[in-house]
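Below: target-v7.cif (mmCIF, C-alpha atoms, pLDDT in the B column; chains and numbers go by the auth columns)
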data_entry
#
loop_
_atom_site.group_PDB
_atom_site.id
_atom_site.type_symbol
_atom_site.label_atom_id
_atom_site.label_comp_id
_atom_site.label_asym_id
_atom_site.label_seq_id
_atom_site.Cartn_x
_atom_site.Cartn_y
_atom_site.Cartn_z
_atom_site.B_iso_or_equiv
_atom_site.auth_seq_id
_atom_site.auth_asym_id
ATOM 1 C CA LEU A 1 -2.676 23.782 -3.744 50.00 16 Y
ATOM 2 C CA PRO A 2 -2.142 26.574 -1.242 52.00 17 Y
ATOM 3 C CA ASN A 3 1.464 27.715 -0.922 59.00 18 Y
ATOM 4 C CA GLU A 4 1.432 27.649 2.872 62.00 19 Y
ATOM 5 C CA LYS A 5 3.290 24.600 4.122 66.00 20 Y
ATOM 6 C CA ASN A 6 0.751 23.748 6.844 72.00 21 Y
ATOM 7 C CA SER A 7 -2.494 24.988 5.282 85.00 22 Y
ATOM 8 C CA PRO A 8 -5.753 23.350 6.447 90.00 23 Y
ATOM 9 C CA PHE A 9 -6.338 22.087 2.905 90.00 24 Y
ATOM 10 C CA LYS A 10 -2.933 20.379 2.725 90.00 25 Y
ATOM 11 C CA SER A 11 -3.571 18.881 6.141 92.00 26 Y
ATOM 12 C CA MET A 12 -6.894 17.462 4.960 94.00 27 Y
ATOM 13 C CA LEU A 13 -5.290 16.003 1.847 94.00 28 Y
ATOM 14 C CA TYR A 14 -2.552 14.465 3.989 93.00 29 Y
ATOM 15 C CA HIS A 15 -5.170 12.844 6.236 95.00 30 Y
ATOM 16 C CA LEU A 16 -7.024 11.481 3.219 96.00 31 Y
ATOM 17 C CA LYS A 17 -3.887 9.938 1.761 95.00 32 Y
ATOM 18 C CA THR A 18 -2.141 8.681 4.901 95.00 33 Y
ATOM 19 C CA LYS A 19 -4.622 8.355 7.765 95.00 34 Y
ATOM 20 C CA ASN A 20 -7.764 6.979 6.039 93.00 35 Y
ATOM 21 C CA ASN A 21 -9.773 9.666 7.820 94.00 36 Y
ATOM 22 C CA THR A 22 -13.483 9.097 7.144 96.00 37 Y
ATOM 23 C CA ASP A 23 -14.538 12.701 7.908 96.00 38 Y
ATOM 24 C CA VAL A 24 -12.013 14.054 5.412 97.00 39 Y
ATOM 25 C CA ARG A 25 -13.046 11.446 2.824 97.00 40 Y
ATOM 26 C CA GLU A 26 -16.698 12.421 3.305 98.00 41 Y
ATOM 27 C CA HIS A 27 -15.852 16.108 2.869 97.00 42 Y
ATOM 28 C CA PHE A 28 -13.898 15.574 -0.357 97.00 43 Y
ATOM 29 C CA ALA A 29 -16.537 13.160 -1.693 98.00 44 Y
ATOM 30 C CA THR A 30 -19.268 15.729 -1.150 98.00 45 Y
ATOM 31 C CA GLN A 31 -17.189 18.433 -2.858 97.00 46 Y
ATOM 32 C CA LEU A 32 -16.334 16.216 -5.838 98.00 47 Y
ATOM 33 C CA ALA A 33 -19.921 14.991 -6.254 98.00 48 Y
ATOM 34 C CA ASP A 34 -21.183 18.586 -6.232 98.00 49 Y
ATOM 35 C CA MET A 35 -18.545 19.607 -8.782 97.00 50 Y
ATOM 36 C CA ILE A 36 -19.464 16.712 -11.063 98.00 51 Y
ATOM 37 C CA ARG A 37 -23.172 17.548 -10.843 98.00 52 Y
ATOM 38 C CA ARG A 38 -22.426 21.180 -11.810 98.00 53 Y
ATOM 39 C CA ARG A 39 -19.911 20.524 -14.586 97.00 54 Y
ATOM 40 C CA CYS A 40 -20.908 17.221 -16.162 97.00 55 Y
ATOM 41 C CA ASP A 41 -24.307 17.255 -17.838 96.00 56 Y
ATOM 42 C CA GLY A 42 -25.755 13.765 -17.980 97.00 57 Y
ATOM 43 C CA TYR A 43 -23.313 12.407 -15.397 98.00 58 Y
ATOM 44 C CA GLU A 44 -25.869 9.653 -14.745 98.00 59 Y
ATOM 45 C CA ARG A 45 -24.733 7.987 -18.000 98.00 60 Y
ATOM 46 C CA PHE A 46 -21.094 7.813 -16.860 98.00 61 Y
ATOM 47 C CA THR A 47 -19.121 5.226 -14.926 98.00 62 Y
ATOM 48 C CA LEU A 48 -16.709 6.488 -12.282 98.00 63 Y
ATOM 49 C CA GLY A 49 -13.079 5.396 -12.245 98.00 64 Y
ATOM 50 C CA TYR A 50 -9.958 6.622 -10.497 98.00 65 Y
ATOM 51 C CA VAL A 51 -6.196 6.740 -10.765 97.00 66 Y
ATOM 52 C CA PRO A 52 -5.032 3.916 -8.499 96.00 67 Y
ATOM 53 C CA ARG A 53 -2.458 4.317 -5.778 92.00 68 Y
ATOM 54 C CA GLY A 54 0.986 2.873 -6.486 87.00 69 Y
ATOM 55 C CA VAL A 55 1.829 -0.583 -5.162 86.00 70 Y
ATOM 56 C CA ALA A 56 4.489 0.634 -2.706 85.00 71 Y
ATOM 57 C CA SER A 57 2.177 3.332 -1.358 89.00 72 Y
ATOM 58 C CA TYR A 58 -0.661 0.812 -0.994 91.00 73 Y
ATOM 59 C CA LYS A 59 1.638 -1.498 0.968 90.00 74 Y
ATOM 60 C CA LYS A 60 2.797 1.381 3.163 93.00 75 Y
ATOM 61 C CA TYR A 61 -0.683 2.701 4.041 96.00 76 Y
ATOM 62 C CA GLY A 62 -2.829 -0.404 3.569 96.00 77 Y
ATOM 63 C CA TYR A 63 -5.553 1.179 1.440 97.00 78 Y
ATOM 64 C CA ASP A 64 -6.165 3.054 -1.793 97.00 79 Y
ATOM 65 C CA HIS A 65 -7.537 6.444 -0.802 97.00 80 Y
ATOM 66 C CA MET A 66 -8.767 7.175 -4.325 97.00 81 Y
ATOM 67 C CA ARG A 67 -10.669 3.883 -4.532 98.00 82 Y
ATOM 68 C CA GLU A 68 -12.404 4.550 -1.231 97.00 83 Y
ATOM 69 C CA LEU A 69 -13.131 8.150 -2.179 98.00 84 Y
ATOM 70 C CA SER A 70 -14.434 7.156 -5.626 98.00 85 Y
ATOM 71 C CA VAL A 71 -16.826 4.560 -4.227 98.00 86 Y
ATOM 72 C CA LEU A 72 -18.260 7.244 -1.949 98.00 87 Y
ATOM 73 C CA VAL A 73 -18.551 9.797 -4.786 98.00 88 Y
ATOM 74 C CA ALA A 74 -20.262 7.238 -7.032 98.00 89 Y
ATOM 75 C CA ASP A 75 -22.726 6.443 -4.256 98.00 90 Y
ATOM 76 C CA LYS A 76 -23.546 10.137 -3.820 98.00 91 Y
ATOM 77 C CA LEU A 77 -24.113 10.450 -7.585 98.00 92 Y
ATOM 78 C CA GLY A 78 -26.022 7.175 -7.940 98.00 93 Y
ATOM 79 C CA ILE A 79 -23.642 5.828 -10.609 98.00 94 Y
ATOM 80 C CA GLY A 80 -21.333 2.840 -10.868 98.00 95 Y
ATOM 81 C CA CYS A 81 -17.695 2.812 -9.854 98.00 96 Y
ATOM 82 C CA GLU A 82 -15.197 0.388 -11.399 98.00 97 Y
ATOM 83 C CA ASP A 83 -11.564 -0.530 -10.834 97.00 98 Y
ATOM 84 C CA LEU A 84 -10.566 0.356 -14.398 98.00 99 Y
ATOM 85 C CA PHE A 85 -6.783 0.476 -13.949 97.00 100 Y
ATOM 86 C CA CYS A 86 -3.971 -1.232 -12.104 94.00 101 Y
ATOM 87 C CA ARG A 87 -0.410 -0.248 -11.287 90.00 102 Y
ATOM 88 C CA GLU A 88 2.612 -2.376 -12.067 80.00 103 Y
ATOM 89 C CA LYS A 89 4.965 -3.141 -9.197 68.00 104 Y
ATOM 90 C CA SER A 90 7.783 -1.317 -10.953 65.00 105 Y
ATOM 91 C CA ALA A 91 6.074 2.063 -10.625 68.00 106 Y
ATOM 92 C CA ARG A 92 8.147 4.822 -9.104 68.00 107 Y
ATOM 93 C CA VAL A 93 6.588 7.375 -6.777 71.00 108 Y
ATOM 94 C CA GLN A 94 5.342 10.197 -9.035 73.00 109 Y
ATOM 95 C CA LYS A 95 6.031 13.003 -6.540 75.00 110 Y
ATOM 96 C CA GLU A 96 9.733 12.149 -6.621 76.00 111 Y
ATOM 97 C CA LEU A 97 9.984 12.620 -10.404 81.00 112 Y
ATOM 98 C CA GLY A 98 10.391 15.532 -12.796 81.00 113 Y
ATOM 99 C CA ARG A 99 7.924 16.302 -15.576 82.00 114 Y
ATOM 100 C CA ALA A 100 9.300 14.035 -18.328 89.00 115 Y
ATOM 101 C CA ALA A 101 9.918 11.171 -15.908 89.00 116 Y
ATOM 102 C CA ARG A 102 6.334 11.413 -14.619 86.00 117 Y
ATOM 103 C CA PHE A 103 4.941 10.838 -18.111 90.00 118 Y
ATOM 104 C CA TYR A 104 7.291 7.930 -18.733 89.00 119 Y
ATOM 105 C CA ASN A 105 6.528 6.408 -15.338 88.00 120 Y
ATOM 106 C CA ALA A 106 2.765 6.692 -15.862 90.00 121 Y
ATOM 107 C CA GLU A 107 3.025 5.098 -19.293 91.00 122 Y
ATOM 108 C CA GLN A 108 5.071 2.207 -17.938 89.00 123 Y
ATOM 109 C CA SER A 109 3.143 1.599 -14.728 90.00 124 Y
ATOM 110 C CA ILE A 110 -0.567 2.252 -15.357 94.00 125 Y
ATOM 111 C CA LYS A 111 -2.439 -0.456 -17.269 96.00 126 Y
ATOM 112 C CA LEU A 112 -6.077 -1.262 -17.938 97.00 127 Y
ATOM 113 C CA SER A 113 -7.500 -3.889 -15.614 95.00 128 Y
ATOM 114 C CA HIS A 114 -7.997 -7.157 -17.463 89.00 129 Y
ATOM 115 C CA ASP A 115 -11.791 -7.027 -17.354 89.00 130 Y
ATOM 116 C CA THR A 116 -12.192 -3.373 -18.415 92.00 131 Y
ATOM 117 C CA ASP A 117 -14.498 -2.981 -21.417 95.00 132 Y
ATOM 118 C CA ALA A 118 -14.495 0.685 -22.446 97.00 133 Y
ATOM 119 C CA SER A 119 -16.115 0.405 -25.861 98.00 134 Y
ATOM 120 C CA GLY A 120 -18.839 3.017 -26.350 98.00 135 Y
ATOM 121 C CA ARG A 121 -18.914 3.949 -22.670 98.00 136 Y
ATOM 122 C CA ARG A 122 -18.558 7.274 -20.850 98.00 137 Y
ATOM 123 C CA PHE A 123 -16.203 7.660 -17.900 98.00 138 Y
ATOM 124 C CA ILE A 124 -15.481 10.144 -15.148 98.00 139 Y
ATOM 125 C CA LEU A 125 -11.966 9.768 -13.744 98.00 140 Y
ATOM 126 C CA LEU A 126 -10.864 11.038 -10.347 98.00 141 Y
ATOM 127 C CA ASP A 127 -7.405 11.793 -9.005 97.00 142 Y
ATOM 128 C CA ASP A 128 -6.227 13.523 -5.861 95.00 143 Y
ATOM 129 C CA VAL A 129 -3.598 15.987 -7.093 92.00 144 Y
ATOM 130 C CA CYS A 130 -2.767 16.951 -10.668 92.00 145 Y
ATOM 131 C CA VAL A 131 0.774 18.217 -11.157 87.00 146 Y
ATOM 132 C CA THR A 132 1.579 17.418 -14.798 91.00 147 Y
ATOM 133 C CA GLY A 133 -1.516 15.438 -15.778 92.00 148 Y
ATOM 134 C CA ALA A 134 0.627 12.395 -16.567 92.00 149 Y
ATOM 135 C CA SER A 135 -1.449 9.843 -14.636 93.00 150 Y
ATOM 136 C CA LEU A 136 -4.834 11.171 -15.740 96.00 151 Y
ATOM 137 C CA GLY A 137 -3.536 11.522 -19.294 96.00 152 Y
ATOM 138 C CA ARG A 138 -2.362 7.919 -19.302 97.00 153 Y
ATOM 139 C CA CYS A 139 -5.673 6.650 -17.930 98.00 154 Y
ATOM 140 C CA THR A 140 -7.626 8.724 -20.452 98.00 155 Y
ATOM 141 C CA SER A 141 -5.493 7.457 -23.344 98.00 156 Y
ATOM 142 C CA LEU A 142 -5.996 3.864 -22.290 98.00 157 Y
ATOM 143 C CA LEU A 143 -9.774 4.299 -22.301 98.00 158 Y
ATOM 144 C CA ILE A 144 -9.842 6.212 -25.593 98.00 159 Y
ATOM 145 C CA ASN A 145 -7.634 3.539 -27.216 97.00 160 Y
ATOM 146 C CA GLU A 146 -10.271 1.010 -26.138 97.00 161 Y
ATOM 147 C CA ASN A 147 -12.987 3.067 -27.879 98.00 162 Y
ATOM 148 C CA ALA A 148 -14.448 4.887 -24.891 98.00 163 Y
ATOM 149 C CA ARG A 149 -17.072 7.372 -26.046 98.00 164 Y
ATOM 150 C CA GLU A 150 -16.136 10.124 -23.594 98.00 165 Y
ATOM 151 C CA VAL A 151 -13.771 10.680 -20.656 98.00 166 Y
ATOM 152 C CA ARG A 152 -13.971 13.554 -18.173 98.00 167 Y
ATOM 153 C CA CYS A 153 -11.445 14.148 -15.409 98.00 168 Y
ATOM 154 C CA PHE A 154 -11.846 15.724 -11.975 98.00 169 Y
ATOM 155 C CA VAL A 155 -9.247 16.316 -9.259 97.00 170 Y
ATOM 156 C CA ILE A 156 -9.197 17.496 -5.674 96.00 171 Y
ATOM 157 C CA ALA A 157 -6.306 19.883 -6.284 92.00 172 Y
ATOM 158 C CA VAL A 158 -3.991 21.216 -8.978 91.00 173 Y
ATOM 159 C CA ARG A 159 -0.410 22.048 -8.135 83.00 174 Y
ATOM 160 C CA PRO A 160 1.235 24.559 -10.469 73.00 175 Y
#

Could you quickly redo this structure as structure tokens?
Amino acid sequence: LPNEKNSPFKSMLYHLKTKNNTDVREHFATQLADMIRRRCDGYERFTLGYVPRGVASYKKYGYDHMRELSVLVADKLGIGCEDLFCREKSARVQKELGRAARFYNAEQSIKLSHDTDASGRRFILLDDVCVTGASLGRCTSLLINENAREVRCFVIAVRP
């Protein structure tokens, strides 16, 4: 992420996460779809999934920005999108936590959806911002533990 407090990129990310802005969602979906096409040979054989928004955040904003973005990316790629994971109500807000607490929180709060069958399948996972990789790591581990064949992860931004 850019270091400037009010950078255009941070503003766009804010509008994706808090304002449900369709123009911003379209922009990020186009960028992610292009990145996946360039970096994921055979993406047509993959199913798209995403790191779900926490329960409190969903209640606050009324939508899951990553679900809406992922559906749009999947449509652009011509592949399926599934709700692979769910969040437990006890989840704490990741951005308020330090590194170790983020991993613990992700492990405790992110679960496979009851109807997820990962065996032998390939998945592309999307997340908005990667800080420690705790959420994506947890989601990847859950799929691998259920015998997924391959998991690839893509994010909008990485924060050092």

On this structure, which residues satisfy the PyMOL selection byres ((chain Y and resi 55) around 12), written as a PDB file with C-alpha atoms, in the frame of the given file?
ATOM      1  CA  LEU Y  47     -16.334  16.216  -5.838  1.00 98.00           C
ATOM      2  CA  ALA Y  48     -19.921  14.991  -6.254  1.00 98.00           C
ATOM      3  CA  ASP Y  49     -21.183  18.586  -6.232  1.00 98.00           C
ATOM      4  CA  MET Y  50     -18.545  19.607  -8.782  1.00 97.00           C
ATOM      5  CA  ILE Y  51     -19.464  16.712 -11.063  1.00 98.00           C
ATOM      6  CA  ARG Y  52     -23.172  17.548 -10.843  1.00 98.00           C
ATOM      7  CA  ARG Y  53     -22.426  21.180 -11.810  1.00 98.00           C
ATOM      8  CA  ARG Y  54     -19.911  20.524 -14.586  1.00 97.00           C
ATOM      9  CA  ASP Y  56     -24.307  17.255 -17.838  1.00 96.00           C
ATOM     10  CA  GLY Y  57     -25.755  13.765 -17.980  1.00 97.00           C
ATOM     11  CA  TYR Y  58     -23.313  12.407 -15.397  1.00 98.00           C
ATOM     12  CA  GLU Y  59     -25.869   9.653 -14.745  1.00 98.00           C
ATOM     13  CA  ARG Y  60     -24.733   7.987 -18.000  1.00 98.00           C
ATOM     14  CA  PHE Y  61     -21.094   7.813 -16.860  1.00 98.00           C
ATOM     15  CA  LEU Y  92     -24.113  10.450  -7.585  1.00 98.00           C
ATOM     16  CA  ARG Y 137     -18.558   7.274 -20.850  1.00 98.00           C
ATOM     17  CA  PHE Y 138     -16.203   7.660 -17.900  1.00 98.00           C
ATOM     18  CA  ILE Y 139     -15.481  10.144 -15.148  1.00 98.00           C
ATOM     19  CA  LEU Y 140     -11.966   9.768 -13.744  1.00 98.00           C
ATOM     20  CA  GLU Y 165     -16.136  10.124 -23.594  1.00 98.00           C
ATOM     21  CA  VAL Y 166     -13.771  10.680 -20.656  1.00 98.00           C
ATOM     22  CA  ARG Y 167     -13.971  13.554 -18.173  1.00 98.00           C
ATOM     23  CA  CYS Y 168     -11.445  14.148 -15.409  1.00 98.00           C
ATOM     24  CA  PHE Y 169     -11.846  15.724 -11.975  1.00 98.00           C
TER      25      PHE Y 169
END

Residue contacts of Ser124 in chain Y (6 Å, all atoms listed in the file) excluding same-chain residues fewer than 3 positions away, as a ChimeraX atom specification | /Y:102-103,106,120-121

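The smallest atom-to-atom distance between Tyr78 in chain Y and any of Y:Arg117, Y:Lys32, Y:Ser22, Y:Phe100, using only C-alpha atoms, is found for Y:Lys32.
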
Can you turn the PyMOL selection byres ((chain Y and resi 110) around 12) into a concrete residue list for this file, as a short mmCIF file (atom, residue, chain, number, x, y, z; two decimals) with C-alpha atoms, in the coordinates of the input?
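Heads up, here's the output in out-v3.cif:
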data_model
loop_
_atom_site.label_atom_id
_atom_site.label_comp_id
_atom_site.auth_asym_id
_atom_site.auth_seq_id
_atom_site.Cartn_x
_atom_site.Cartn_y
_atom_site.Cartn_z
CA GLY Y 69 0.99 2.87 -6.49
CA SER Y 72 2.18 3.33 -1.36
CA ALA Y 106 6.07 2.06 -10.62
CA ARG Y 107 8.15 4.82 -9.10
CA VAL Y 108 6.59 7.38 -6.78
CA GLN Y 109 5.34 10.20 -9.04
CA GLU Y 111 9.73 12.15 -6.62
CA LEU Y 112 9.98 12.62 -10.40
CA GLY Y 113 10.39 15.53 -12.80
CA ARG Y 114 7.92 16.30 -15.58
CA ALA Y 116 9.92 11.17 -15.91
CA ARG Y 117 6.33 11.41 -14.62
CA PHE Y 118 4.94 10.84 -18.11
CA ASN Y 120 6.53 6.41 -15.34
CA ALA Y 121 2.76 6.69 -15.86
CA VAL Y 144 -3.60 15.99 -7.09
CA CYS Y 145 -2.77 16.95 -10.67
CA VAL Y 146 0.77 18.22 -11.16
CA THR Y 147 1.58 17.42 -14.80
CA ALA Y 149 0.63 12.40 -16.57
CA SER Y 150 -1.45 9.84 -14.64
CA ARG Y 174 -0.41 22.05 -8.14
#

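When all atoms listed in the file are used to measure the gap to Ala163 in chain Y, the shortest distance among Y:Pro175, Y:Tyr119, Y:Asp132, Y:Asp143 belongs to Y:Asp132.
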
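Once the PyMOL selection byres ((chain Y and resi 64) around 10) is applied to the shown structure, the selection contains Phe61, Thr62, Leu63, Tyr65, Val66, Pro67, Met81, Arg82, Ser85, Val86, Ala89, Gly95, Cys96, Glu97, Asp98, Leu99, Phe100, Phe138, Ile139, Leu140, Leu141, Asp142, Cys154, Val166 and Cys168 of chain Y.
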
Determine, counting only C-alpha atoms, which protein, DNA and RNA residues have an atom within 8 Å of an atom of Ala44 in chain Y; residues of the same chain fewer than 5 positions away are not included. Present the result as number ranges by chain.
-> Y: 84-85, 87-88, 91

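Here CA of Glu41 in chain Y stands at a distance of 20.3 Å from CA of Tyr73 in chain Y.
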
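Interatomic distance, CA of Arg136 in chain Y to CA of Glu83 in chain Y: 22.4 Å.
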
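Here CA of Ala71 in chain Y stands at a distance of 22.2 Å from CA of Thr37 in chain Y.
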
Output requested as a PDB file, keeping the file's coordinate frame - range 43-63 of chain Y, filled out with N, CA and C atoms.
ATOM      1  N   PHE Y  43     -14.350  15.523   1.030  1.00 97.00           N
ATOM      2  CA  PHE Y  43     -13.898  15.574  -0.357  1.00 97.00           C
ATOM      3  C   PHE Y  43     -14.902  14.905  -1.295  1.00 97.00           C
ATOM      4  N   ALA Y  44     -15.542  13.831  -0.850  1.00 98.00           N
ATOM      5  CA  ALA Y  44     -16.537  13.160  -1.693  1.00 98.00           C
ATOM      6  C   ALA Y  44     -17.722  14.073  -1.974  1.00 98.00           C
ATOM      7  N   THR Y  45     -18.157  14.787  -0.969  1.00 98.00           N
ATOM      8  CA  THR Y  45     -19.268  15.729  -1.150  1.00 98.00           C
ATOM      9  C   THR Y  45     -18.876  16.828  -2.125  1.00 98.00           C
ATOM     10  N   GLN Y  46     -17.661  17.368  -1.972  1.00 97.00           N
ATOM     11  CA  GLN Y  46     -17.189  18.433  -2.858  1.00 97.00           C
ATOM     12  C   GLN Y  46     -17.068  17.946  -4.302  1.00 97.00           C
ATOM     13  N   LEU Y  47     -16.493  16.755  -4.489  1.00 98.00           N
ATOM     14  CA  LEU Y  47     -16.334  16.216  -5.838  1.00 98.00           C
ATOM     15  C   LEU Y  47     -17.687  15.905  -6.478  1.00 98.00           C
ATOM     16  N   ALA Y  48     -18.591  15.311  -5.715  1.00 98.00           N
ATOM     17  CA  ALA Y  48     -19.921  14.991  -6.254  1.00 98.00           C
ATOM     18  C   ALA Y  48     -20.634  16.269  -6.683  1.00 98.00           C
ATOM     19  N   ASP Y  49     -20.556  17.307  -5.872  1.00 98.00           N
ATOM     20  CA  ASP Y  49     -21.183  18.586  -6.232  1.00 98.00           C
ATOM     21  C   ASP Y  49     -20.554  19.175  -7.494  1.00 98.00           C
ATOM     22  N   MET Y  50     -19.231  19.091  -7.602  1.00 97.00           N
ATOM     23  CA  MET Y  50     -18.545  19.607  -8.782  1.00 97.00           C
ATOM     24  C   MET Y  50     -18.970  18.834 -10.035  1.00 97.00           C
ATOM     25  N   ILE Y  51     -19.062  17.533  -9.926  1.00 98.00           N
ATOM     26  CA  ILE Y  51     -19.464  16.712 -11.063  1.00 98.00           C
ATOM     27  C   ILE Y  51     -20.896  17.037 -11.479  1.00 98.00           C
ATOM     28  N   ARG Y  52     -21.783  17.193 -10.520  1.00 98.00           N
ATOM     29  CA  ARG Y  52     -23.172  17.548 -10.843  1.00 98.00           C
ATOM     30  C   ARG Y  52     -23.235  18.878 -11.600  1.00 98.00           C
ATOM     31  N   ARG Y  53     -22.421  19.851 -11.182  1.00 98.00           N
ATOM     32  CA  ARG Y  53     -22.426  21.180 -11.810  1.00 98.00           C
ATOM     33  C   ARG Y  53     -21.765  21.197 -13.187  1.00 98.00           C
ATOM     34  N   ARG Y  54     -20.741  20.391 -13.383  1.00 97.00           N
ATOM     35  CA  ARG Y  54     -19.911  20.524 -14.586  1.00 97.00           C
ATOM     36  C   ARG Y  54     -20.018  19.372 -15.576  1.00 97.00           C
ATOM     37  N   CYS Y  55     -20.831  18.388 -15.282  1.00 97.00           N
ATOM     38  CA  CYS Y  55     -20.908  17.221 -16.162  1.00 97.00           C
ATOM     39  C   CYS Y  55     -22.364  16.889 -16.436  1.00 97.00           C
ATOM     40  N   ASP Y  56     -22.924  17.548 -17.460  1.00 96.00           N
ATOM     41  CA  ASP Y  56     -24.307  17.255 -17.838  1.00 96.00           C
ATOM     42  C   ASP Y  56     -24.450  15.781 -18.185  1.00 96.00           C
ATOM     43  N   GLY Y  57     -25.500  15.172 -17.694  1.00 97.00           N
ATOM     44  CA  GLY Y  57     -25.755  13.765 -17.980  1.00 97.00           C
ATOM     45  C   GLY Y  57     -24.815  12.819 -17.268  1.00 97.00           C
ATOM     46  N   TYR Y  58     -24.266  13.254 -16.129  1.00 98.00           N
ATOM     47  CA  TYR Y  58     -23.313  12.407 -15.397  1.00 98.00           C
ATOM     48  C   TYR Y  58     -23.890  11.034 -15.073  1.00 98.00           C
ATOM     49  N   GLU Y  59     -25.219  10.923 -15.066  1.00 98.00           N
ATOM     50  CA  GLU Y  59     -25.869   9.653 -14.745  1.00 98.00           C
ATOM     51  C   GLU Y  59     -25.522   8.560 -15.762  1.00 98.00           C
ATOM     52  N   ARG Y  60     -25.074   8.954 -16.944  1.00 98.00           N
ATOM     53  CA  ARG Y  60     -24.733   7.987 -18.000  1.00 98.00           C
ATOM     54  C   ARG Y  60     -23.265   7.569 -17.942  1.00 98.00           C
ATOM     55  N   PHE Y  61     -22.524   8.075 -16.971  1.00 98.00           N
ATOM     56  CA  PHE Y  61     -21.094   7.813 -16.860  1.00 98.00           C
ATOM     57  C   PHE Y  61     -20.815   6.744 -15.800  1.00 98.00           C
ATOM     58  N   THR Y  62     -19.666   6.124 -15.939  1.00 98.00           N
ATOM     59  CA  THR Y  62     -19.121   5.226 -14.926  1.00 98.00           C
ATOM     60  C   THR Y  62     -17.926   5.926 -14.302  1.00 98.00           C
ATOM     61  N   LEU Y  63     -17.804   5.834 -12.997  1.00 98.00           N
ATOM     62  CA  LEU Y  63     -16.709   6.488 -12.282  1.00 98.00           C
ATOM     63  C   LEU Y  63     -15.513   5.553 -12.184  1.00 98.00           C
TER      64      LEU Y  63
END
